[in-house]
$ cat work33.cif   # mmCIF, N, CA and C atoms
data_work
#
loop_
_atom_site.label_atom_id
_atom_site.label_comp_id
_atom_site.auth_asym_id
_atom_site.auth_seq_id
_atom_site.Cartn_x
_atom_site.Cartn_y
_atom_site.Cartn_z
N MET A 180 -88.50 -80.35 166.55
CA MET A 180 -87.80 -81.45 165.94
C MET A 180 -86.35 -81.05 165.71
N ALA A 181 -85.53 -82.03 165.52
CA ALA A 181 -84.11 -81.77 165.36
C ALA A 181 -83.83 -80.95 164.11
N ASN A 182 -84.56 -81.21 163.05
CA ASN A 182 -84.36 -80.51 161.80
C ASN A 182 -85.19 -79.23 161.80
N ASP A 183 -84.55 -78.09 161.55
CA ASP A 183 -85.25 -76.80 161.59
C ASP A 183 -86.35 -76.68 160.53
N LEU A 184 -86.34 -77.56 159.55
CA LEU A 184 -87.36 -77.51 158.51
C LEU A 184 -88.71 -78.02 159.02
N TYR A 185 -88.68 -78.78 160.12
CA TYR A 185 -89.89 -79.35 160.70
C TYR A 185 -90.40 -78.49 161.84
N THR A 186 -91.72 -78.40 161.95
CA THR A 186 -92.33 -77.75 163.10
C THR A 186 -93.48 -78.63 163.58
N PHE A 187 -93.69 -78.60 164.87
CA PHE A 187 -94.80 -79.30 165.51
C PHE A 187 -95.59 -78.25 166.25
N ARG A 188 -96.91 -78.20 166.03
CA ARG A 188 -97.73 -77.16 166.66
C ARG A 188 -99.19 -77.52 166.55
N LYS A 189 -100.01 -76.70 167.21
CA LYS A 189 -101.46 -76.87 167.09
C LYS A 189 -101.90 -76.57 165.65
N ALA A 190 -102.86 -77.33 165.20
CA ALA A 190 -103.42 -77.12 163.86
C ALA A 190 -104.25 -75.84 163.85
N GLU A 191 -104.30 -75.22 162.70
CA GLU A 191 -105.08 -73.99 162.51
C GLU A 191 -106.24 -74.26 161.57
N GLU A 192 -107.33 -73.55 161.79
CA GLU A 192 -108.53 -73.75 160.98
C GLU A 192 -108.25 -73.63 159.48
N LYS A 193 -107.38 -72.72 159.11
CA LYS A 193 -107.08 -72.51 157.68
C LYS A 193 -106.40 -73.73 157.04
N GLU A 194 -105.94 -74.68 157.87
CA GLU A 194 -105.26 -75.87 157.36
C GLU A 194 -106.19 -77.07 157.19
N THR A 195 -107.46 -76.87 157.44
CA THR A 195 -108.42 -77.97 157.40
C THR A 195 -108.41 -78.70 156.06
N GLU A 196 -108.37 -77.97 154.96
CA GLU A 196 -108.39 -78.62 153.64
C GLU A 196 -107.18 -79.51 153.45
N ARG A 197 -105.99 -79.04 153.80
CA ARG A 197 -104.78 -79.85 153.66
C ARG A 197 -104.84 -81.06 154.58
N ILE A 198 -105.29 -80.87 155.80
CA ILE A 198 -105.43 -81.99 156.74
C ILE A 198 -106.42 -83.01 156.17
N TRP A 199 -107.50 -82.54 155.59
CA TRP A 199 -108.49 -83.43 155.02
C TRP A 199 -107.89 -84.27 153.89
N VAL A 200 -107.02 -83.67 153.08
CA VAL A 200 -106.33 -84.43 152.02
C VAL A 200 -105.54 -85.58 152.65
N ILE A 201 -104.83 -85.29 153.72
CA ILE A 201 -104.01 -86.31 154.39
C ILE A 201 -104.90 -87.39 154.99
N ILE A 202 -106.01 -87.01 155.60
CA ILE A 202 -106.94 -87.99 156.16
C ILE A 202 -107.49 -88.88 155.05
N LYS A 203 -107.86 -88.30 153.92
CA LYS A 203 -108.38 -89.10 152.80
C LYS A 203 -107.31 -90.06 152.28
N GLN A 204 -106.06 -89.63 152.25
CA GLN A 204 -104.97 -90.53 151.84
C GLN A 204 -104.88 -91.71 152.81
N ALA A 205 -104.98 -91.42 154.10
CA ALA A 205 -104.91 -92.49 155.11
C ALA A 205 -106.09 -93.45 154.96
N LYS A 206 -107.27 -92.90 154.71
CA LYS A 206 -108.45 -93.75 154.50
C LYS A 206 -108.24 -94.68 153.30
N ALA A 207 -107.70 -94.12 152.22
CA ALA A 207 -107.46 -94.92 151.01
C ALA A 207 -106.44 -96.02 151.29
N GLN A 208 -105.40 -95.70 152.04
CA GLN A 208 -104.40 -96.70 152.37
C GLN A 208 -105.01 -97.82 153.22
N MET A 209 -105.80 -97.45 154.22
CA MET A 209 -106.44 -98.46 155.05
C MET A 209 -107.34 -99.37 154.22
N LYS A 210 -108.08 -98.76 153.30
CA LYS A 210 -108.97 -99.55 152.45
C LYS A 210 -108.16 -100.53 151.59
N ARG A 211 -107.05 -100.05 151.01
CA ARG A 211 -106.18 -100.91 150.20
C ARG A 211 -105.64 -102.09 151.01
N LEU A 212 -105.37 -101.83 152.29
CA LEU A 212 -104.80 -102.86 153.16
C LEU A 212 -105.86 -103.73 153.83
N GLY A 213 -107.14 -103.45 153.53
CA GLY A 213 -108.23 -104.26 154.08
C GLY A 213 -108.65 -103.88 155.48
N SER A 214 -108.19 -102.73 155.98
CA SER A 214 -108.59 -102.28 157.31
C SER A 214 -109.91 -101.53 157.22
N CYS A 215 -110.78 -101.79 158.19
CA CYS A 215 -112.07 -101.10 158.19
C CYS A 215 -112.17 -100.12 159.36
N GLN A 216 -111.04 -99.72 159.93
CA GLN A 216 -111.08 -98.79 161.07
C GLN A 216 -111.65 -97.44 160.65
N TRP A 217 -111.16 -96.91 159.56
CA TRP A 217 -111.69 -95.65 159.03
C TRP A 217 -112.46 -96.00 157.76
N ASP A 218 -113.61 -95.33 157.58
CA ASP A 218 -114.41 -95.60 156.40
C ASP A 218 -114.90 -94.29 155.80
N GLU A 219 -115.89 -94.37 154.92
CA GLU A 219 -116.38 -93.16 154.26
C GLU A 219 -117.03 -92.18 155.23
N ASN A 220 -117.41 -92.65 156.41
CA ASN A 220 -118.08 -91.79 157.38
C ASN A 220 -117.19 -91.31 158.52
N TYR A 221 -116.10 -92.02 158.77
CA TYR A 221 -115.23 -91.66 159.90
C TYR A 221 -113.77 -91.78 159.51
N PRO A 222 -112.98 -90.80 159.90
CA PRO A 222 -113.44 -89.51 160.43
C PRO A 222 -114.00 -88.65 159.31
N ALA A 223 -114.91 -87.78 159.66
CA ALA A 223 -115.49 -86.83 158.71
C ALA A 223 -114.75 -85.51 158.83
N ILE A 224 -114.88 -84.68 157.83
CA ILE A 224 -114.22 -83.38 157.88
C ILE A 224 -114.70 -82.57 159.09
N GLU A 225 -115.97 -82.78 159.46
CA GLU A 225 -116.49 -82.09 160.65
C GLU A 225 -115.77 -82.54 161.93
N THR A 226 -115.36 -83.80 161.95
CA THR A 226 -114.58 -84.32 163.09
C THR A 226 -113.27 -83.57 163.21
N ILE A 227 -112.62 -83.35 162.08
CA ILE A 227 -111.34 -82.64 162.07
C ILE A 227 -111.55 -81.18 162.50
N GLN A 228 -112.61 -80.57 161.99
CA GLN A 228 -112.91 -79.19 162.38
C GLN A 228 -113.16 -79.09 163.89
N GLU A 229 -113.88 -80.06 164.44
CA GLU A 229 -114.12 -80.07 165.89
C GLU A 229 -112.82 -80.24 166.67
N ASP A 230 -111.94 -81.12 166.19
CA ASP A 230 -110.63 -81.30 166.84
C ASP A 230 -109.89 -79.97 166.91
N ILE A 231 -109.86 -79.27 165.80
CA ILE A 231 -109.13 -78.00 165.71
C ILE A 231 -109.79 -76.96 166.60
N ASN A 232 -111.11 -76.89 166.58
CA ASN A 232 -111.83 -75.92 167.43
C ASN A 232 -111.61 -76.18 168.91
N ARG A 233 -111.48 -77.46 169.30
CA ARG A 233 -111.20 -77.81 170.70
C ARG A 233 -109.73 -77.58 171.06
N ARG A 234 -108.92 -77.26 170.05
CA ARG A 234 -107.48 -77.04 170.22
C ARG A 234 -106.75 -78.34 170.56
N ASP A 235 -107.30 -79.48 170.11
CA ASP A 235 -106.68 -80.78 170.30
C ASP A 235 -105.96 -81.27 169.05
N GLY A 236 -106.17 -80.60 167.91
CA GLY A 236 -105.53 -81.02 166.67
C GLY A 236 -104.12 -80.46 166.59
N TYR A 237 -103.17 -81.31 166.19
CA TYR A 237 -101.77 -80.91 166.05
C TYR A 237 -101.26 -81.31 164.68
N VAL A 238 -100.27 -80.58 164.20
CA VAL A 238 -99.68 -80.88 162.90
C VAL A 238 -98.15 -80.90 163.01
N ILE A 239 -97.57 -81.62 162.08
CA ILE A 239 -96.15 -81.50 161.80
C ILE A 239 -96.07 -80.89 160.41
N CYS A 240 -95.25 -79.87 160.29
CA CYS A 240 -95.06 -79.21 159.00
C CYS A 240 -93.62 -79.40 158.56
N LEU A 241 -93.42 -79.51 157.27
CA LEU A 241 -92.10 -79.54 156.65
C LEU A 241 -92.06 -78.36 155.70
N ASN A 242 -91.15 -77.43 155.96
CA ASN A 242 -91.08 -76.21 155.14
C ASN A 242 -92.44 -75.53 155.06
N ASP A 243 -93.12 -75.44 156.18
CA ASP A 243 -94.43 -74.78 156.30
C ASP A 243 -95.58 -75.52 155.61
N GLN A 244 -95.35 -76.74 155.12
CA GLN A 244 -96.42 -77.55 154.52
C GLN A 244 -96.82 -78.62 155.52
N VAL A 245 -98.11 -78.72 155.83
CA VAL A 245 -98.60 -79.75 156.75
C VAL A 245 -98.35 -81.12 156.13
N ILE A 246 -97.66 -82.00 156.90
CA ILE A 246 -97.37 -83.35 156.42
C ILE A 246 -97.93 -84.43 157.35
N ALA A 247 -98.42 -84.03 158.52
CA ALA A 247 -99.02 -85.00 159.44
C ALA A 247 -100.01 -84.29 160.33
N TYR A 248 -101.00 -85.04 160.76
CA TYR A 248 -102.05 -84.51 161.63
C TYR A 248 -102.42 -85.58 162.65
N GLY A 249 -102.74 -85.12 163.83
CA GLY A 249 -103.25 -86.03 164.85
C GLY A 249 -103.87 -85.25 165.99
N VAL A 250 -104.61 -85.95 166.82
CA VAL A 250 -105.24 -85.38 168.00
C VAL A 250 -104.43 -85.79 169.22
N ILE A 251 -104.15 -84.82 170.06
CA ILE A 251 -103.54 -85.07 171.36
C ILE A 251 -104.48 -84.45 172.38
N SER A 252 -105.04 -85.31 173.23
CA SER A 252 -106.04 -84.84 174.18
C SER A 252 -105.72 -85.30 175.59
N PHE A 253 -106.02 -84.43 176.53
CA PHE A 253 -105.84 -84.71 177.95
C PHE A 253 -107.19 -84.74 178.67
N ASP A 254 -108.28 -84.80 177.90
CA ASP A 254 -109.63 -84.71 178.45
C ASP A 254 -110.26 -86.07 178.73
N GLY A 255 -109.52 -87.14 178.56
CA GLY A 255 -110.07 -88.46 178.80
C GLY A 255 -110.87 -88.95 177.61
N GLU A 256 -111.27 -90.19 177.68
CA GLU A 256 -112.04 -90.82 176.61
C GLU A 256 -113.19 -91.57 177.27
N PRO A 257 -114.43 -91.11 177.10
CA PRO A 257 -115.57 -91.75 177.77
C PRO A 257 -115.65 -93.27 177.54
N VAL A 258 -115.31 -93.73 176.35
CA VAL A 258 -115.37 -95.16 176.07
C VAL A 258 -114.42 -95.93 176.99
N TYR A 259 -113.30 -95.31 177.35
CA TYR A 259 -112.33 -95.99 178.21
C TYR A 259 -112.88 -96.22 179.61
N ASP A 260 -113.85 -95.43 180.02
CA ASP A 260 -114.46 -95.62 181.34
C ASP A 260 -115.15 -96.98 181.45
N GLN A 261 -115.58 -97.51 180.33
CA GLN A 261 -116.26 -98.80 180.31
C GLN A 261 -115.30 -99.97 180.50
N ILE A 262 -114.01 -99.72 180.33
CA ILE A 262 -113.02 -100.80 180.44
C ILE A 262 -111.97 -100.48 181.51
N LYS A 263 -112.38 -99.78 182.54
CA LYS A 263 -111.44 -99.38 183.60
C LYS A 263 -110.66 -100.56 184.17
N GLU A 264 -111.30 -101.69 184.38
CA GLU A 264 -110.60 -102.82 184.97
C GLU A 264 -109.48 -103.35 184.09
N LYS A 265 -109.46 -102.95 182.82
CA LYS A 265 -108.42 -103.40 181.89
C LYS A 265 -107.15 -102.55 181.97
N TRP A 266 -107.23 -101.38 182.58
CA TRP A 266 -106.08 -100.49 182.65
C TRP A 266 -105.26 -100.79 183.91
N ALA A 267 -103.97 -100.54 183.83
CA ALA A 267 -103.08 -100.79 184.96
C ALA A 267 -103.34 -99.82 186.11
N ASN A 268 -103.87 -98.63 185.77
CA ASN A 268 -104.16 -97.63 186.81
C ASN A 268 -105.18 -96.65 186.28
N ASN A 269 -105.61 -95.74 187.13
CA ASN A 269 -106.58 -94.72 186.74
C ASN A 269 -105.97 -93.33 186.81
N LEU A 270 -104.67 -93.24 186.62
CA LEU A 270 -103.98 -91.95 186.65
C LEU A 270 -104.31 -91.14 185.39
N PRO A 271 -104.10 -89.83 185.43
CA PRO A 271 -104.33 -89.01 184.23
C PRO A 271 -103.51 -89.54 183.05
N TYR A 272 -104.07 -89.40 181.85
CA TYR A 272 -103.40 -89.93 180.66
C TYR A 272 -103.61 -89.01 179.47
N VAL A 273 -102.78 -89.22 178.48
CA VAL A 273 -102.90 -88.52 177.20
C VAL A 273 -103.44 -89.52 176.19
N ILE A 274 -104.22 -89.01 175.25
CA ILE A 274 -104.78 -89.82 174.18
C ILE A 274 -104.25 -89.29 172.85
N VAL A 275 -103.90 -90.19 171.97
CA VAL A 275 -103.56 -89.82 170.60
C VAL A 275 -104.57 -90.52 169.70
N HIS A 276 -105.24 -89.74 168.87
CA HIS A 276 -106.23 -90.25 167.94
C HIS A 276 -105.98 -89.65 166.55
N ARG A 277 -106.54 -90.31 165.55
CA ARG A 277 -106.58 -89.80 164.18
C ARG A 277 -105.22 -89.37 163.63
N LEU A 278 -104.19 -90.11 163.94
CA LEU A 278 -102.86 -89.77 163.43
C LEU A 278 -102.75 -90.23 161.97
N ALA A 279 -102.40 -89.29 161.11
CA ALA A 279 -102.27 -89.58 159.68
C ALA A 279 -101.07 -88.81 159.13
N VAL A 280 -100.36 -89.45 158.21
CA VAL A 280 -99.17 -88.87 157.60
C VAL A 280 -99.40 -88.79 156.09
N ALA A 281 -98.98 -87.69 155.49
CA ALA A 281 -99.14 -87.50 154.04
C ALA A 281 -98.38 -88.58 153.28
N ASP A 282 -98.97 -89.03 152.18
CA ASP A 282 -98.37 -90.10 151.38
C ASP A 282 -96.93 -89.79 150.98
N GLU A 283 -96.65 -88.54 150.65
CA GLU A 283 -95.33 -88.21 150.11
C GLU A 283 -94.19 -88.29 151.15
N VAL A 284 -94.54 -88.44 152.42
CA VAL A 284 -93.49 -88.54 153.45
C VAL A 284 -93.64 -89.81 154.30
N LYS A 285 -94.43 -90.76 153.83
CA LYS A 285 -94.58 -92.01 154.59
C LYS A 285 -93.24 -92.75 154.61
N HIS A 286 -93.06 -93.54 155.68
CA HIS A 286 -91.87 -94.36 155.87
C HIS A 286 -90.62 -93.52 156.08
N GLN A 287 -90.80 -92.32 156.63
CA GLN A 287 -89.67 -91.45 156.95
C GLN A 287 -89.64 -91.09 158.44
N GLY A 288 -90.41 -91.79 159.24
CA GLY A 288 -90.39 -91.57 160.67
C GLY A 288 -91.24 -90.41 161.17
N VAL A 289 -92.13 -89.90 160.34
CA VAL A 289 -92.95 -88.75 160.73
C VAL A 289 -93.93 -89.11 161.84
N ALA A 290 -94.57 -90.27 161.76
CA ALA A 290 -95.49 -90.68 162.82
C ALA A 290 -94.74 -90.85 164.14
N LYS A 291 -93.55 -91.40 164.08
CA LYS A 291 -92.74 -91.54 165.30
C LYS A 291 -92.43 -90.16 165.87
N LYS A 292 -92.08 -89.22 165.02
CA LYS A 292 -91.80 -87.85 165.49
C LYS A 292 -93.04 -87.25 166.16
N PHE A 293 -94.19 -87.50 165.56
CA PHE A 293 -95.43 -87.00 166.15
C PHE A 293 -95.62 -87.57 167.55
N MET A 294 -95.44 -88.88 167.68
CA MET A 294 -95.63 -89.53 168.98
C MET A 294 -94.61 -89.02 170.00
N LEU A 295 -93.39 -88.77 169.58
CA LEU A 295 -92.38 -88.23 170.50
C LEU A 295 -92.78 -86.84 170.97
N HIS A 296 -93.34 -86.04 170.08
CA HIS A 296 -93.82 -84.72 170.49
C HIS A 296 -95.01 -84.82 171.43
N ALA A 297 -95.89 -85.78 171.17
CA ALA A 297 -97.03 -86.00 172.07
C ALA A 297 -96.51 -86.38 173.45
N GLU A 298 -95.50 -87.22 173.50
CA GLU A 298 -94.91 -87.61 174.78
C GLU A 298 -94.28 -86.40 175.49
N GLU A 299 -93.56 -85.60 174.75
CA GLU A 299 -92.94 -84.40 175.32
C GLU A 299 -94.00 -83.44 175.87
N LEU A 300 -95.05 -83.23 175.10
CA LEU A 300 -96.15 -82.36 175.53
C LEU A 300 -96.79 -82.91 176.80
N SER A 301 -97.01 -84.20 176.83
CA SER A 301 -97.62 -84.84 177.99
C SER A 301 -96.73 -84.68 179.23
N ARG A 302 -95.46 -84.93 179.08
CA ARG A 302 -94.53 -84.78 180.22
C ARG A 302 -94.52 -83.34 180.72
N SER A 303 -94.62 -82.38 179.80
CA SER A 303 -94.61 -80.98 180.22
C SER A 303 -95.83 -80.64 181.08
N LYS A 304 -96.89 -81.46 180.96
CA LYS A 304 -98.10 -81.27 181.76
C LYS A 304 -98.11 -82.19 182.99
N GLY A 305 -97.03 -82.94 183.19
CA GLY A 305 -96.94 -83.84 184.33
C GLY A 305 -97.77 -85.11 184.17
N ILE A 306 -98.05 -85.48 182.94
CA ILE A 306 -98.84 -86.68 182.65
C ILE A 306 -97.92 -87.70 181.98
N TYR A 307 -97.88 -88.90 182.55
CA TYR A 307 -96.90 -89.90 182.12
C TYR A 307 -97.53 -91.19 181.61
N HIS A 308 -98.81 -91.16 181.29
CA HIS A 308 -99.48 -92.36 180.81
C HIS A 308 -100.14 -92.07 179.46
N PHE A 309 -99.93 -92.98 178.50
CA PHE A 309 -100.52 -92.91 177.17
C PHE A 309 -101.63 -93.94 177.06
N ARG A 310 -102.68 -93.59 176.36
CA ARG A 310 -103.69 -94.56 175.95
C ARG A 310 -103.96 -94.31 174.47
N VAL A 311 -103.67 -95.30 173.69
CA VAL A 311 -103.86 -95.22 172.24
C VAL A 311 -104.59 -96.49 171.83
N ASP A 312 -105.67 -96.34 171.09
CA ASP A 312 -106.40 -97.52 170.67
C ASP A 312 -106.47 -97.59 169.16
N THR A 313 -106.68 -98.78 168.68
CA THR A 313 -106.85 -99.01 167.26
C THR A 313 -107.65 -100.30 167.09
N LYS A 314 -108.20 -100.49 165.94
CA LYS A 314 -108.88 -101.75 165.67
C LYS A 314 -107.84 -102.83 165.36
N TYR A 315 -108.24 -104.04 165.51
CA TYR A 315 -107.34 -105.18 165.32
C TYR A 315 -106.69 -105.21 163.94
N ASP A 316 -107.35 -104.66 162.92
CA ASP A 316 -106.84 -104.79 161.56
C ASP A 316 -106.08 -103.55 161.08
N ASN A 317 -105.73 -102.67 161.98
CA ASN A 317 -104.99 -101.48 161.60
C ASN A 317 -103.54 -101.65 162.04
#

$ encode --input "work33.cif" --output "structure tokens"
Amino acid sequence: MANDLYTFRKAEEKETERIWVIIKQAKAQMKRLGSCQWDENYPAIETIQEDINRRDGYVICLNDQVIAYGVISFDGEPVYDQIKEKWANNLPYVIVHRLAVADEVKHQGVAKKFMLHAEELSRSKGIYHFRVDTKYDN
């Protein structure tokens, strides 16, 4: 990131608790806004642990404190195979899932920074297509 105080990198297992706090904040916000995309069962802390173990979990840190978390994956999404005719092409793509930003830094462009880093990472792998899904009420 442009500011040296920010870092973007793979999430580490030791950060699971902090990431879980951020995920719970996002769940609470969605609930307040009437969105049912995330609920008490999804994502679960085990989901986050699996993301990190697969090395698909990424964080943005501010002064070494995790302030955002998301999944960046190049492994495809099996559900997307069911809607192939809806996509413009079948070229390799990057997926961004479970993006959440800590309450204390919301509305400061952190999610945008995360997406820009996902794009940069994708380009570095020669992949130029994004697929991001969400429910209608998110």

$ resolve_selection --input "work33.cif" --expression "the PyMOL selection byres (((chain A and resi 206-209 and name CA) around 10) and name CA)" --output "list in words"
Val200, Ile201, Ile202, Lys203, Gln204, Ala205, Lys210, Arg211, Leu212, Gly213, Ser214, Cys215, Gln216, Trp217, Asp218, Glu219, Tyr221, Pro222, Ala279, Asp282, Asp316 and Asn317 of chain A

$ atom_distance --input "work33.cif" --atom1 "atom CA of Ser303 of chain A" --atom2 "atom CA of Gln261 of chain A"
28.0 Å

$ atom_distance --input "work33.cif" --atom1 "atom C of Asp312 of chain A" --atom2 "atom CA of Asp243 of chain A"
28.8 Å

$ atom_distance --input "work33.cif" --atom1 "atom N of Glu196 of chain A" --atom2 "atom CA of Leu278 of chain A"
15.5 Å

$ closest_residue --input "work33.cif" --among "A:Gly255, A:Val250, A:Trp266, A:Gln244" --to "Val284 of chain A" --atoms "only C-alpha atoms"
A:Gln244

$ select_by_dssp --input "work33.cif" --residues "segment 203-268 of chain A" --states "helix (DSSP H, G or I)" --output "JSON, numbers by chain"
{"A": [203, 204, 205, 206, 207, 208, 209, 210, 211, 224, 225, 226, 227, 228, 229, 230, 231, 232, 257, 258, 259, 260, 263, 264, 265]}

$ build_atoms --input "work33.cif" --residues "segment 298-314 of chain A" --atoms "N, CA, C and O atoms" --output "CSV table (one decimal), in the frame of the given file"
chain,number,residue,atom,x,y,z
A,298,GLU,N,-95.5,-87.2,173.5
A,298,GLU,CA,-94.9,-87.6,174.8
A,298,GLU,C,-94.3,-86.4,175.5
A,298,GLU,O,-94.5,-86.2,176.7
A,299,GLU,N,-93.6,-85.6,174.8
A,299,GLU,CA,-92.9,-84.4,175.3
A,299,GLU,C,-94.0,-83.4,175.9
A,299,GLU,O,-93.9,-82.9,177.0
A,300,LEU,N,-95.0,-83.2,175.1
A,300,LEU,CA,-96.2,-82.4,175.5
A,300,LEU,C,-96.8,-82.9,176.8
A,300,LEU,O,-97.1,-82.2,177.7
A,301,SER,N,-97.0,-84.2,176.8
A,301,SER,CA,-97.6,-84.8,178.0
A,301,SER,C,-96.7,-84.7,179.2
A,301,SER,O,-97.2,-84.3,180.3
A,302,ARG,N,-95.5,-84.9,179.1
A,302,ARG,CA,-94.5,-84.8,180.2
A,302,ARG,C,-94.5,-83.3,180.7
A,302,ARG,O,-94.4,-83.1,181.9
A,303,SER,N,-94.6,-82.4,179.8
A,303,SER,CA,-94.6,-81.0,180.2
A,303,SER,C,-95.8,-80.6,181.1
A,303,SER,O,-95.8,-79.7,181.8
A,304,LYS,N,-96.9,-81.5,181.0
A,304,LYS,CA,-98.1,-81.3,181.8
A,304,LYS,C,-98.1,-82.2,183.0
A,304,LYS,O,-99.1,-82.3,183.7
A,305,GLY,N,-97.0,-82.9,183.2
A,305,GLY,CA,-96.9,-83.8,184.3
A,305,GLY,C,-97.8,-85.1,184.2
A,305,GLY,O,-98.1,-85.7,185.1
A,306,ILE,N,-98.0,-85.5,182.9
A,306,ILE,CA,-98.8,-86.7,182.6
A,306,ILE,C,-97.9,-87.7,182.0
A,306,ILE,O,-97.3,-87.4,181.0
A,307,TYR,N,-97.9,-88.9,182.6
A,307,TYR,CA,-96.9,-89.9,182.1
A,307,TYR,C,-97.5,-91.2,181.6
A,307,TYR,O,-96.8,-92.2,181.5
A,308,HIS,N,-98.8,-91.2,181.3
A,308,HIS,CA,-99.5,-92.4,180.8
A,308,HIS,C,-100.1,-92.1,179.5
A,308,HIS,O,-100.8,-91.1,179.3
A,309,PHE,N,-99.9,-93.0,178.5
A,309,PHE,CA,-100.5,-92.9,177.2
A,309,PHE,C,-101.6,-93.9,177.1
A,309,PHE,O,-101.5,-95.1,177.6
A,310,ARG,N,-102.7,-93.6,176.4
A,310,ARG,CA,-103.7,-94.6,176.0
A,310,ARG,C,-104.0,-94.3,174.5
A,310,ARG,O,-104.4,-93.2,174.1
A,311,VAL,N,-103.7,-95.3,173.7
A,311,VAL,CA,-103.9,-95.2,172.2
A,311,VAL,C,-104.6,-96.5,171.8
A,311,VAL,O,-104.2,-97.6,172.2
A,312,ASP,N,-105.7,-96.3,171.1
A,312,ASP,CA,-106.4,-97.5,170.7
A,312,ASP,C,-106.5,-97.6,169.2
A,312,ASP,O,-106.3,-96.6,168.5
A,313,THR,N,-106.7,-98.8,168.7
A,313,THR,CA,-106.8,-99.0,167.3
A,313,THR,C,-107.6,-100.3,167.1
A,313,THR,O,-107.7,-101.1,168.0
A,314,LYS,N,-108.2,-100.5,165.9
A,314,LYS,CA,-108.9,-101.8,165.7
A,314,LYS,C,-107.8,-102.8,165.4
A,314,LYS,O,-106.7,-102.5,165.0
